[in-house]
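Novice: Below you'll find start25.cif; it's mmCIF, C-alpha atoms and all ligand atoms.
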```cif
data_my_file
loop_
_atom_site.label_atom_id
_atom_site.label_comp_id
_atom_site.auth_asym_id
_atom_site.auth_seq_id
_atom_site.Cartn_x
_atom_site.Cartn_y
_atom_site.Cartn_z
CA MET A 1 21.20 24.18 -29.97
CA SER A 2 19.00 24.87 -32.97
CA GLN A 3 15.64 24.16 -31.25
CA LYS A 4 13.22 26.90 -30.31
CA PRO A 5 13.91 28.25 -26.82
CA LEU A 6 11.70 27.36 -23.84
CA ASN A 7 12.12 30.25 -21.43
CA VAL A 8 11.91 29.26 -17.77
CA ALA A 9 11.22 31.49 -14.76
CA LEU A 10 12.07 30.00 -11.37
CA ILE A 11 10.27 31.35 -8.30
CA GLY A 12 12.19 30.51 -5.11
CA TYR A 13 15.92 29.95 -4.84
CA LYS A 14 16.65 28.08 -1.62
CA PHE A 15 17.04 24.28 -1.29
CA MET A 16 14.44 23.38 -3.93
CA GLY A 17 15.49 26.32 -6.09
CA LYS A 18 18.96 24.82 -6.31
CA ALA A 19 17.61 21.38 -7.21
CA HIS A 20 15.40 22.88 -9.94
CA SER A 21 18.24 25.06 -11.24
CA GLN A 22 20.50 22.02 -11.48
CA ALA A 23 17.76 20.23 -13.46
CA TRP A 24 17.32 23.05 -15.97
CA ARG A 25 21.11 23.45 -16.29
CA THR A 26 21.65 19.75 -16.98
CA VAL A 27 18.63 18.48 -18.90
CA GLY A 28 19.60 19.66 -22.38
CA ARG A 29 23.08 18.23 -22.01
CA PHE A 30 22.04 14.65 -21.23
CA PHE A 31 18.63 14.37 -22.95
CA ASP A 32 17.63 15.00 -26.56
CA LEU A 33 14.99 17.70 -26.38
CA ASP A 34 12.65 19.25 -28.93
CA LEU A 35 12.86 22.64 -27.19
CA ASP A 36 15.88 24.33 -25.67
CA PRO A 37 15.29 25.28 -21.99
CA VAL A 38 16.69 28.74 -21.25
CA MET A 39 17.24 29.81 -17.62
CA LYS A 40 15.63 33.19 -18.16
CA VAL A 41 14.88 34.64 -14.74
CA VAL A 42 14.93 33.61 -11.08
CA CYS A 43 12.77 35.34 -8.51
CA GLY A 44 12.94 35.71 -4.72
CA ARG A 45 12.10 38.25 -2.02
CA ASP A 46 15.66 39.39 -1.27
CA ALA A 47 16.79 41.22 -4.44
CA LYS A 48 20.51 41.11 -3.58
CA ALA A 49 20.55 37.44 -2.58
CA VAL A 50 18.54 36.37 -5.62
CA ALA A 51 20.85 38.37 -7.93
CA GLU A 52 23.83 36.50 -6.43
CA PHE A 53 21.99 33.20 -6.90
CA ALA A 54 21.28 34.06 -10.56
CA ASP A 55 24.93 34.79 -11.13
CA ARG A 56 26.12 31.59 -9.48
CA TRP A 57 23.60 29.25 -11.16
CA GLY A 58 23.54 30.86 -14.60
CA TRP A 59 20.09 32.49 -14.67
CA GLU A 60 20.07 35.37 -17.17
CA ASP A 61 18.15 37.75 -14.93
CA SER A 62 16.75 38.05 -11.39
CA SER A 63 13.76 39.77 -9.88
CA ALA A 64 12.10 40.36 -6.50
CA ASP A 65 8.61 40.67 -8.04
CA TRP A 66 6.96 37.34 -8.91
CA GLU A 67 3.77 39.01 -10.15
CA GLU A 68 5.75 40.85 -12.81
CA VAL A 69 7.81 37.75 -13.67
CA VAL A 70 4.84 35.45 -14.36
CA LYS A 71 3.47 37.99 -16.85
CA ARG A 72 6.71 38.55 -18.76
CA ASP A 73 6.40 37.98 -22.51
CA ASP A 74 9.76 36.24 -22.55
CA VAL A 75 8.67 33.57 -20.04
CA ASP A 76 7.05 30.28 -21.18
CA VAL A 77 7.27 28.13 -18.02
CA VAL A 78 6.83 29.19 -14.40
CA ASP A 79 8.64 26.81 -12.03
CA ILE A 80 7.49 27.23 -8.41
CA SER A 81 9.98 26.17 -5.71
CA THR A 82 8.57 28.21 -2.82
CA PRO A 83 6.84 27.05 0.41
CA GLY A 84 3.42 25.43 -0.12
CA SER A 85 1.40 28.41 1.15
CA THR A 86 2.32 30.34 -2.01
CA HIS A 87 1.74 27.61 -4.62
CA ALA A 88 -1.93 28.31 -5.35
CA GLU A 89 -1.61 32.06 -5.86
CA ILE A 90 1.49 31.83 -8.05
CA SER A 91 0.24 28.85 -10.11
CA ILE A 92 -3.13 30.44 -10.80
CA ALA A 93 -1.56 33.78 -11.80
CA ALA A 94 0.94 31.97 -14.05
CA ALA A 95 -1.76 29.89 -15.73
CA GLN A 96 -3.90 32.98 -16.26
CA ALA A 97 -0.91 34.61 -17.92
CA GLY A 98 -0.75 31.62 -20.29
CA LYS A 99 2.38 30.03 -18.82
CA HIS A 100 3.03 26.31 -18.34
CA VAL A 101 3.39 25.56 -14.62
CA PHE A 102 5.77 23.26 -12.75
CA CYS A 103 5.06 23.24 -9.00
CA GLU A 104 6.76 21.73 -5.95
CA LYS A 105 4.89 19.33 -3.68
CA PRO A 106 2.63 19.32 -1.80
CA LEU A 107 0.60 21.03 -4.53
CA THR A 108 -1.29 22.95 -1.86
CA PHE A 109 -2.97 22.38 1.54
CA THR A 110 -6.66 21.80 0.79
CA VAL A 111 -8.63 19.92 -1.82
CA ALA A 112 -10.68 23.06 -2.47
CA GLU A 113 -7.54 25.00 -3.38
CA GLY A 114 -6.15 22.08 -5.39
CA LYS A 115 -9.31 22.02 -7.48
CA LYS A 116 -8.99 25.76 -8.15
CA MET A 117 -5.41 25.26 -9.32
CA LEU A 118 -6.45 22.39 -11.55
CA ALA A 119 -9.32 24.42 -13.00
CA ALA A 120 -6.97 27.35 -13.71
CA VAL A 121 -4.40 25.29 -15.65
CA ARG A 122 -7.10 23.40 -17.55
CA GLU A 123 -8.94 26.59 -18.45
CA ALA A 124 -5.71 28.19 -19.68
CA GLY A 125 -4.82 25.08 -21.68
CA VAL A 126 -1.26 25.07 -20.32
CA LYS A 127 0.84 22.06 -19.31
CA HIS A 128 1.08 21.44 -15.58
CA MET A 129 3.29 19.22 -13.51
CA VAL A 130 3.82 18.64 -9.80
CA ASN A 131 7.29 17.70 -8.63
CA PHE A 132 7.11 14.17 -7.26
CA ASN A 133 10.75 13.48 -8.03
CA TYR A 134 11.01 10.01 -6.47
CA ARG A 135 8.73 8.32 -9.01
CA LEU A 136 11.23 9.49 -11.62
CA CYS A 137 14.16 7.56 -10.15
CA PRO A 138 15.02 4.81 -12.68
CA ALA A 139 14.54 2.01 -10.12
CA VAL A 140 11.07 3.30 -9.18
CA SER A 141 10.00 3.73 -12.81
CA LEU A 142 11.29 0.20 -13.41
CA ALA A 143 9.16 -1.05 -10.48
CA LYS A 144 6.15 0.52 -12.20
CA GLN A 145 6.98 -1.24 -15.51
CA MET A 146 7.41 -4.55 -13.68
CA ILE A 147 4.12 -4.22 -11.81
CA ASP A 148 2.28 -3.26 -15.01
CA SER A 149 3.71 -6.24 -16.85
CA GLY A 150 2.64 -8.64 -14.08
CA SER A 151 6.08 -9.50 -12.59
CA ILE A 152 4.68 -9.64 -9.05
CA GLY A 153 1.11 -10.61 -9.92
CA GLU A 154 -1.84 -8.98 -8.22
CA VAL A 155 -0.68 -6.32 -5.76
CA ARG A 156 -1.95 -6.91 -2.22
CA HIS A 157 0.22 -4.83 0.09
CA ILE A 158 2.30 -1.67 0.06
CA ARG A 159 4.27 -0.58 3.13
CA CYS A 160 5.63 2.96 2.86
CA THR A 161 7.98 4.48 5.40
CA TYR A 162 9.53 7.90 4.98
CA LEU A 163 11.90 8.57 7.87
CA GLN A 164 14.29 11.46 8.51
CA ASP A 165 16.10 12.66 11.64
CA TRP A 166 16.92 16.33 11.06
CA LEU A 167 14.43 17.49 13.74
CA VAL A 168 15.35 15.01 16.45
CA ASP A 169 17.35 17.60 18.43
CA PRO A 170 14.86 19.73 20.42
CA GLU A 171 17.37 22.59 20.12
CA PHE A 172 17.00 22.62 16.33
CA PRO A 173 15.38 26.01 15.74
CA MET A 174 12.13 26.90 14.04
CA ASN A 175 11.93 27.37 10.29
CA TRP A 176 9.06 27.66 7.83
CA ARG A 177 8.66 23.87 7.61
CA LEU A 178 7.55 23.88 11.28
CA ARG A 179 4.85 26.53 10.80
CA GLN A 180 1.40 25.44 9.73
CA GLU A 181 0.67 28.66 7.84
CA ALA A 182 3.71 28.20 5.55
CA ALA A 183 4.04 24.41 5.30
CA GLY A 184 0.44 23.24 5.79
CA SER A 185 1.57 20.26 7.86
CA GLY A 186 4.81 18.66 9.01
CA ALA A 187 6.02 15.17 8.16
CA HIS A 188 2.49 14.44 6.89
CA GLY A 189 2.58 16.77 3.85
CA ASP A 190 6.35 17.07 3.50
CA LEU A 191 7.20 13.37 3.48
CA GLY A 192 3.84 11.58 3.48
CA ALA A 193 2.96 13.35 0.22
CA HIS A 194 5.89 11.59 -1.49
CA SER A 195 4.84 8.17 -0.17
CA ILE A 196 1.25 8.75 -1.24
CA ASP A 197 2.42 9.66 -4.71
CA LEU A 198 4.59 6.54 -4.95
CA ALA A 199 1.68 4.39 -3.77
CA ARG A 200 -0.74 5.95 -6.26
CA PHE A 201 1.83 5.60 -9.05
CA LEU A 202 2.64 1.97 -8.29
CA VAL A 203 -0.54 0.51 -6.81
CA GLY A 204 -3.53 2.73 -7.64
CA GLU A 205 -6.01 5.09 -6.04
CA ILE A 206 -6.44 5.16 -2.26
CA GLY A 207 -10.14 4.98 -1.34
CA GLU A 208 -10.21 5.10 2.47
CA VAL A 209 -7.80 5.96 5.27
CA VAL A 210 -7.49 6.01 9.03
CA GLY A 211 -4.59 7.62 10.83
CA THR A 212 -2.98 9.64 13.55
CA LYS A 213 -0.40 12.43 13.83
CA LYS A 214 1.75 13.63 16.70
CA THR A 215 3.95 16.60 17.58
CA PHE A 216 6.51 15.36 20.12
CA ILE A 217 8.55 18.57 20.39
CA LYS A 218 6.02 21.33 20.85
CA GLU A 219 8.29 24.33 21.25
CA ARG A 220 11.67 25.11 19.70
CA PRO A 221 14.25 27.93 19.79
CA ALA A 222 13.12 30.83 17.61
CA GLU A 223 14.51 31.09 14.10
CA GLY A 224 17.71 33.05 13.58
CA THR A 225 19.00 32.31 10.12
CA SER A 226 18.26 29.17 8.17
CA SER A 227 19.37 27.61 4.94
CA GLY A 228 17.99 24.39 3.48
CA LEU A 229 17.52 22.01 6.40
CA THR A 230 20.03 23.71 8.73
CA ALA A 231 19.39 26.68 11.00
CA GLN A 232 20.87 28.88 13.74
CA ALA A 233 18.77 29.81 16.75
CA GLY A 234 17.59 33.35 17.37
CA GLU A 235 16.21 34.88 20.59
CA GLY A 236 13.45 33.15 22.59
CA THR A 237 11.25 30.21 21.60
CA GLU A 238 8.33 29.57 19.25
CA LYS A 239 5.48 27.04 19.20
CA VAL A 240 5.69 24.26 16.60
CA THR A 241 2.38 24.18 14.74
CA VAL A 242 2.83 21.07 12.59
CA ASP A 243 3.17 17.32 13.23
CA ASP A 244 6.52 15.58 13.74
CA ALA A 245 5.07 12.24 12.69
CA SER A 246 2.08 10.86 10.81
CA LEU A 247 0.86 7.26 10.51
CA PHE A 248 -2.06 5.87 8.53
CA LEU A 249 -3.60 2.76 7.05
CA ALA A 250 -5.13 2.75 3.58
CA LYS A 251 -7.57 0.68 1.54
CA PHE A 252 -6.97 1.01 -2.20
CA THR A 253 -9.91 1.01 -4.58
CA ASN A 254 -8.47 -2.11 -6.26
CA GLY A 255 -8.51 -4.04 -2.98
CA ALA A 256 -4.86 -3.64 -1.96
CA LEU A 257 -3.95 -2.57 1.60
CA GLY A 258 -1.32 0.00 2.56
CA SER A 259 0.45 1.35 5.63
CA PHE A 260 2.23 4.70 5.73
CA GLU A 261 4.62 6.15 8.31
CA ALA A 262 6.32 9.55 8.00
CA THR A 263 8.52 11.12 10.65
CA ARG A 264 11.38 13.58 10.98
CA LEU A 265 12.33 12.15 14.40
CA ALA A 266 13.95 8.80 13.47
CA PRO A 267 17.61 8.96 14.58
CA GLY A 268 19.93 7.52 11.94
CA ARG A 269 17.37 7.65 9.15
CA LYS A 270 18.52 10.43 6.81
CA ASN A 271 16.23 10.21 3.81
CA PHE A 272 14.78 6.74 4.32
CA ASN A 273 12.00 6.86 1.75
CA ARG A 274 11.15 3.17 1.35
CA PHE A 275 8.38 1.02 -0.05
CA GLU A 276 7.81 -2.72 -0.01
CA ILE A 277 5.15 -4.10 -2.32
CA ASN A 278 3.87 -7.66 -2.08
CA GLY A 279 1.90 -9.24 -4.89
CA SER A 280 0.52 -12.71 -5.53
CA ALA A 281 3.68 -13.67 -7.47
CA GLY A 282 6.46 -11.65 -5.88
CA SER A 283 7.67 -8.57 -4.04
CA LEU A 284 9.51 -5.34 -4.85
CA VAL A 285 11.49 -3.24 -2.37
CA TRP A 286 13.07 0.17 -2.91
CA CYS A 287 14.67 2.70 -0.59
CA PHE A 288 15.99 6.12 -1.56
CA GLU A 289 19.11 5.59 0.59
CA GLU A 290 20.12 3.05 -2.10
CA LEU A 291 18.14 4.70 -4.87
CA ASN A 292 19.69 2.85 -7.80
CA CYS A 293 18.70 -0.56 -6.41
CA LEU A 294 15.42 -2.44 -6.72
CA ASP A 295 15.05 -5.70 -4.81
CA PHE A 296 12.84 -8.26 -6.53
CA TYR A 297 11.55 -11.60 -5.25
CA SER A 298 9.71 -13.87 -7.65
CA THR A 299 7.71 -16.97 -6.72
CA ALA A 300 8.49 -18.18 -10.27
CA ASP A 301 12.16 -18.79 -9.39
CA PRO A 302 13.08 -22.46 -8.79
CA SER A 303 12.55 -23.35 -5.12
CA THR A 304 16.29 -23.99 -4.65
CA GLN A 305 17.12 -20.49 -5.84
CA GLN A 306 14.44 -18.39 -4.23
CA GLY A 307 15.42 -15.17 -2.54
CA PHE A 308 15.48 -11.45 -3.21
CA ARG A 309 17.70 -10.43 -6.12
CA ARG A 310 19.07 -6.92 -6.43
CA ILE A 311 18.62 -5.10 -9.72
CA ILE A 312 20.96 -2.13 -10.23
CA ALA A 313 18.80 0.15 -12.39
CA THR A 314 21.60 1.81 -14.34
CA GLU A 315 21.46 -0.19 -17.58
CA GLY A 316 20.88 1.62 -20.84
CA ASP A 317 17.39 0.15 -21.17
CA HIS A 318 16.28 1.07 -17.65
CA PRO A 319 13.95 4.10 -17.61
CA TYR A 320 15.91 7.38 -17.95
CA ALA A 321 19.21 5.67 -17.06
CA GLY A 322 20.51 5.30 -20.62
CA ASN A 323 20.71 9.07 -20.95
CA TRP A 324 23.33 9.33 -18.22
CA TRP A 325 26.48 7.33 -17.55
CA PRO A 326 27.56 3.82 -18.53
CA PRO A 327 25.96 0.93 -16.55
CA GLY A 328 26.88 0.86 -12.87
CA HIS A 329 27.66 4.57 -12.66
CA MET A 330 25.15 5.59 -10.03
CA LEU A 331 22.63 8.42 -10.14
CA GLY A 332 21.69 10.65 -7.19
CA TYR A 333 19.09 12.98 -5.72
CA ASP A 334 19.24 15.66 -8.41
CA HIS A 335 18.63 13.30 -11.34
CA GLY A 336 14.92 12.90 -10.51
CA PHE A 337 14.51 16.66 -10.89
CA THR A 338 16.25 16.54 -14.28
CA HIS A 339 13.87 13.78 -15.38
CA ALA A 340 10.97 16.05 -14.42
CA ALA A 341 12.43 18.91 -16.49
CA TYR A 342 12.81 16.45 -19.39
CA ASN A 343 9.19 15.21 -19.13
CA LEU A 344 7.81 18.74 -18.93
CA THR A 345 9.91 20.06 -21.83
CA GLN A 346 8.90 17.18 -24.08
CA SER A 347 5.23 17.37 -23.13
CA ILE A 348 5.22 21.08 -24.08
CA ALA A 349 7.16 20.42 -27.31
CA LYS A 350 4.93 17.54 -28.38
CA ASP A 351 1.70 18.89 -26.88
CA LYS A 352 1.20 15.73 -24.86
CA PRO A 353 -0.12 15.33 -21.28
CA CYS A 354 2.50 15.56 -18.58
CA VAL A 355 2.63 13.32 -15.50
CA PRO A 356 2.52 13.67 -12.54
CA ASP A 357 0.18 16.60 -13.18
CA PHE A 358 -1.94 18.91 -11.00
CA ARG A 359 -4.66 16.24 -10.80
CA ASP A 360 -2.08 13.90 -9.25
CA GLY A 361 -1.04 16.74 -6.93
CA ALA A 362 -4.64 17.45 -5.92
CA GLN A 363 -5.45 13.74 -5.45
CA CYS A 364 -2.47 13.46 -3.11
CA VAL A 365 -3.84 16.42 -1.14
CA ALA A 366 -7.20 14.60 -0.97
CA VAL A 367 -5.49 11.65 0.73
CA LEU A 368 -3.64 13.94 3.17
CA GLU A 369 -6.90 15.72 3.95
CA ALA A 370 -8.81 12.45 4.42
CA VAL A 371 -6.22 11.36 7.01
CA ASP A 372 -6.91 14.61 8.89
CA ALA A 373 -10.66 13.94 8.65
CA SER A 374 -10.11 10.43 10.04
CA ILE A 375 -8.17 11.88 12.98
CA GLU A 376 -11.03 14.33 13.66
CA SER A 377 -13.66 11.60 13.57
CA SER A 378 -11.52 8.78 15.03
CA SER A 379 -12.73 6.54 12.21
CA TRP A 380 -12.05 5.58 8.59
CA ALA A 381 -12.51 8.47 6.15
CA LYS A 382 -13.29 8.28 2.44
CA VAL A 383 -10.89 9.97 0.01
CA GLU A 384 -12.51 12.36 -2.44
CA MET A 385 -11.81 11.39 -6.06
CA ILE A 386 -10.83 14.34 -8.21
CA ASP A 387 -11.75 14.31 -11.90
C1 LIG B 1 12.74 17.87 3.89
O1 LIG B 1 12.07 17.01 4.74
C2 LIG B 1 12.78 17.39 2.44
O2 LIG B 1 13.67 18.23 1.78
C3 LIG B 1 11.44 17.44 1.73
O3 LIG B 1 10.88 18.73 1.74
C4 LIG B 1 11.61 16.96 0.32
O4 LIG B 1 10.40 16.97 -0.37
C5 LIG B 1 12.17 15.53 0.39
O5 LIG B 1 12.37 15.05 -0.91
C6 LIG B 1 13.47 15.50 1.12
O6 LIG B 1 13.30 16.07 2.39
#
```
For the file at hand, write its structure as structure tokens.
Specialist:
Amino acid sequence: MSQKPLNVALIGYKFMGKAHSQAWRTVGRFFDLDLDPVMKVVCGRDAKAVAEFADRWGWEDSSADWEEVVKRDDVDVVDISTPGSTHAEISIAAAQAGKHVFCEKPLTFTVAEGKKMLAAVREAGVKHMVNFNYRLCPAVSLAKQMIDSGSIGEVRHIRCTYLQDWLVDPEFPMNWRLRQEAAGSGAHGDLGAHSIDLARFLVGEIGEVVGTKKTFIKERPAEGTSSGLTAQAGEGTEKVTVDDASLFLAKFTNGALGSFEATRLAPGRKNFNRFEINGSAGSLVWCFEELNCLDFYSTADPSTQQGFRRIIATEGDHPYAGNWWPPGHMLGYDHGFTHAAYNLTQSIAKDKPCVPDFRDGAQCVAVLEAVDASIESSSWAKVEMID
């Protein structure tokens, strides 16, 4: 490539680290870019393991010292794929060192911290993006285009369910995602954050919420070793300090109504991230388990032909899809991450705003936090609007 390099440092190299590495490896091959992403350095606590990861995934260098990495002169972008408890400290340090920041969701755990992160990136004048990968699936971006162009009329309802089953076995051992201090919350922030982002992207701002959360399995075998979403038990047991499930109702500022359910205890549901949107002139339905498909019902169809039709969002003129394979050749989980790497690279190259950005990340945290406030007060809670 003849473009100027864009040197990327990745912090974290487990499940999300792999997804981000795959994105940086692939993006320049399928998308025309104005900068050339270079996989400069990957960072993690275990020097030997991170060196092996670098070798396997094609990172030029590895390090066990994130503070040194974010200050390196040969780093332009800091990509944070670590547990949520570390996002604020690393993002702020990276921004202060003048680096563009790409951060996993949830952005952080409190609105106060989210605002600090937003202030840091704005003050530094760097680009910032939070990784809400599902809005970047072609079928979801198409839903957004269709809503904006009036295909389903005025939006009245959104029903979001994000269901998984990897914690249904009470013998599944502890890992960081089950500890409040590392993950912030359970299904609420891990899965609910994605649904909130989809709802904000597709419908608008959420003004008020009321909800509940529950931890069904309160103690689990202690952690032995873990990798991604699998784990082996160690000795003894440990208390689970996050929710297994979260449910809430929402009133949008534009008058629409929403319901949200997130759980990791739904046997048979693997990554069932689904929304159904009903408007005055039609409906749209999407589920990650069939991520290339968007179901569309239009009241404008002749009465003899009414029914949901299935759009396969792999045509060349569907968002992002034309950069990949010929029509009908399906995309998967990793492609959303590549679309994020594309958006960030181009926003840096063209000095244009990048979405979803840290304000989107912080606004999502405001909704999560308002649900917690509603649980505390057993009543509806207002969502703080972040400028
Ligand atoms: C685990 O529940 C998880 O990997 C989440 O952390 C991701 O954000 C989600 O996209 C898939 O499931």
Novice: Find the spatial neighbours of A:Phe53, counting all atoms listed in the file, within a cut-off of 12 Å - ignore same-chain residues fewer than 5 positions away - and output them as a VMD selection string.
Specialist: chain A and resid 10 to 15 17 to 18 21 41 to 44 46 to 48 58 to 63
Novice: Rank nothing, just name the residue among A:Asn133, A:Gln346, A:Ser374, A:Ser195 nearest to A:Phe272, using only C-alpha atoms.
Specialist: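 Nearest candidate to A:Phe272 out of A:Asn133, A:Gln346, A:Ser374, A:Ser195: A:Ser195.
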Novice: Report as a Markdown table: every residue of stretch 190-288 of chain A with an atom at most 12 Å from stretch 141-144 of chain A, its closest pair of atoms, and their distance in Å to one decimal, counting only C-alpha atoms, with rows sorted by chain and ascending residue number.
Specialist:
```
| residue | atom | partner | partner_atom | distance |
| --- | --- | --- | --- | --- |
| A:Leu198 | CA | A:Lys144 | CA | 9.6 |
| A:Ala199 | CA | A:Lys144 | CA | 10.3 |
| A:Arg200 | CA | A:Lys144 | CA | 10.6 |
| A:Phe201 | CA | A:Lys144 | CA | 7.4 |
| A:Leu202 | CA | A:Lys144 | CA | 5.5 |
| A:Val203 | CA | A:Lys144 | CA | 8.6 |
| A:Gly204 | CA | A:Lys144 | CA | 10.9 |
| A:Phe275 | CA | A:Ala143 | CA | 10.7 |
| A:Glu276 | CA | A:Ala143 | CA | 10.7 |
| A:Ile277 | CA | A:Ala143 | CA | 9.6 |
| A:Asn278 | CA | A:Ala143 | CA | 11.9 |
| A:Gly282 | CA | A:Ala143 | CA | 11.9 |
| A:Ser283 | CA | A:Ala143 | CA | 10.0 |
| A:Leu284 | CA | A:Ala143 | CA | 7.1 |
| A:Val285 | CA | A:Ala143 | CA | 8.7 |
| A:Trp286 | CA | A:Ala143 | CA | 8.6 |
| A:Cys287 | CA | A:Ala143 | CA | 11.9 |
```
Novice: Which of these, A:Ala97, A:Ile386, A:Leu107, A:Val371, has the shortest distance to ligand LIG 1 (chain B) once you count only C-alpha atoms and all ligand atoms?
Specialist: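 The answer is A:Leu107, which sits nearest to ligand LIG 1 (chain B).
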Novice: Residues up to 7 Å from ligand LIG 1 (chain B), counting only C-alpha atoms and all ligand atoms: could you list those as a list of chain:residue names?
Specialist: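 Here is the list of contacting residues: A:Lys105, A:Asp190, A:Leu191, A:Leu229, A:Asn271.
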Novice: Please, what distance in Å, to one decimal, runs between atom CA of A:Thr314 and atom CA of A:Gly332?
Specialist: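 Separating atom CA of A:Thr314 from atom CA of A:Gly332 is a distance of 11.4 Å.
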Novice: Counting all atoms listed in the file, which residue out of A:Ala119, A:Ala182, A:Ile152, A:Leu136 sits closest to A:Asp295?
Specialist: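 Nearest to A:Asp295: A:Ile152.
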Novice: Taking into account all atoms listed in the file, which residue in the set A:Glu219, A:Asp372, A:Glu238, A:Glu208 is nearest to A:Lys251?
Specialist: A:Glu208
Novice: Tell me which of A:Gly279, A:Gly322, A:Gly207, A:Gly336 sits closest to A:Lys382, counting all atoms listed in the file.
Specialist: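 Looking at the shortest contact to A:Lys382, the residue is A:Gly207.
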Novice: Determine the nearest neighbour of A:Arg156 from the options A:Ala340, A:Leu257, A:Ala23, A:Ala349, counting all atoms listed in the file.
Specialist: A:Leu257
Novice: Atom CA of A:Pro106 and atom CA of A:Tyr134 are how many Å apart?
Specialist: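 It comes out at 13.4 Å.
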Novice: Could you please determine the separation between atom CA of A:His339 and atom CA of A:Thr263 in Å, to one decimal place?
Specialist: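 Going from atom CA of A:His339 over to atom CA of A:Thr263, I get 26.7 Å.
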Novice: Select all residues near (18.8, 8.9, 10.9) (cut-off 9 Å, inclusive, file coordinates), counting only C-alpha atoms, and output them as a ChimeraX atom specification.
Specialist: /A:163-166,168,264-272
Novice: Please produce, as JSON lines, a per-residue contact table for stretch 107-196 of chain A versus stretch 351-369 of chain A (criterion: any atom at most 6 Å away, all atoms listed in the file considered), showing the nearest atom pair and its distance in Å to one decimal, sorted by chain then residue number.
Specialist:
```
{"residue": "A:Leu107", "atom": "CA", "partner": "A:Gly361", "partner_atom": "CA", "distance": 5.2}
{"residue": "A:Val111", "atom": "CA", "partner": "A:Ala366", "partner_atom": "CA", "distance": 5.6}
{"residue": "A:Gly114", "atom": "CA", "partner": "A:Ala362", "partner_atom": "CA", "distance": 4.9}
{"residue": "A:Leu118", "atom": "CA", "partner": "A:Phe358", "partner_atom": "CA", "distance": 5.7}
{"residue": "A:His128", "atom": "CA", "partner": "A:Asp357", "partner_atom": "CA", "distance": 5.5}
{"residue": "A:Met129", "atom": "CA", "partner": "A:Asp357", "partner_atom": "CA", "distance": 4.1}
{"residue": "A:Val130", "atom": "CA", "partner": "A:Asp357", "partner_atom": "CA", "distance": 5.4}
```
Novice: If we count all atoms listed in the file, what is near A:Tyr320 at a cut-off of 12 Å, once residues fewer than 5 positions away on the same chain are taken out, given as a compact mmCIF listing (two decimals) with C-alpha atoms, in the frame of the given file?
Specialist:
```
# COMPACT_ATOMS: atom_id res chain seq x y z
CA VAL A 27 18.63 18.48 -18.90
CA PHE A 30 22.04 14.65 -21.23
CA PHE A 31 18.63 14.37 -22.95
CA ASP A 32 17.63 15.00 -26.56
CA ARG A 135 8.73 8.32 -9.01
CA LEU A 136 11.23 9.49 -11.62
CA CYS A 137 14.16 7.56 -10.15
CA PRO A 138 15.02 4.81 -12.68
CA ALA A 139 14.54 2.01 -10.12
CA VAL A 140 11.07 3.30 -9.18
CA SER A 141 10.00 3.73 -12.81
CA LEU A 142 11.29 0.20 -13.41
CA ASN A 292 19.69 2.85 -7.80
CA ALA A 313 18.80 0.15 -12.39
CA THR A 314 21.60 1.81 -14.34
CA GLU A 315 21.46 -0.19 -17.58
CA TRP A 325 26.48 7.33 -17.55
CA LEU A 331 22.63 8.42 -10.14
CA HIS A 335 18.63 13.30 -11.34
CA GLY A 336 14.92 12.90 -10.51
CA PHE A 337 14.51 16.66 -10.89
CA THR A 338 16.25 16.54 -14.28
CA HIS A 339 13.87 13.78 -15.38
CA ALA A 340 10.97 16.05 -14.42
CA TYR A 342 12.81 16.45 -19.39
CA ASN A 343 9.19 15.21 -19.13
```
Novice: Using only C-alpha atoms, which protein or nucleic acid residues come within 8 Å of A:Glu205? Drop anything in the same chain fewer than 5 positions from it, and give the result as a list in words.
Specialist: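 Skipping anything fewer than 5 positions along the chain leaves Arg200, Phe252, Thr253 and Asn254 of chain A.
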Novice: Output C-alpha atoms of each residue in that selection to a file, as a PDB file, in the coordinates of the input.
Specialist:
```pdb
ATOM      1  CA  ARG A 200      -0.740   5.950  -6.260  1.00  0.00           C
ATOM      2  CA  PHE A 252      -6.970   1.010  -2.200  1.00  0.00           C
ATOM      3  CA  THR A 253      -9.910   1.010  -4.580  1.00  0.00           C
ATOM      4  CA  ASN A 254      -8.470  -2.110  -6.260  1.00  0.00           C
TER       5      ASN A 254
END
```
Novice: For the point (4.2, 22.8, 15.1) in the file's frame, write as a PyMOL selection string all residues with an atom no more than 6 Å away, counting only C-alpha atoms.
Specialist: chain A and resi 178-179+240-243
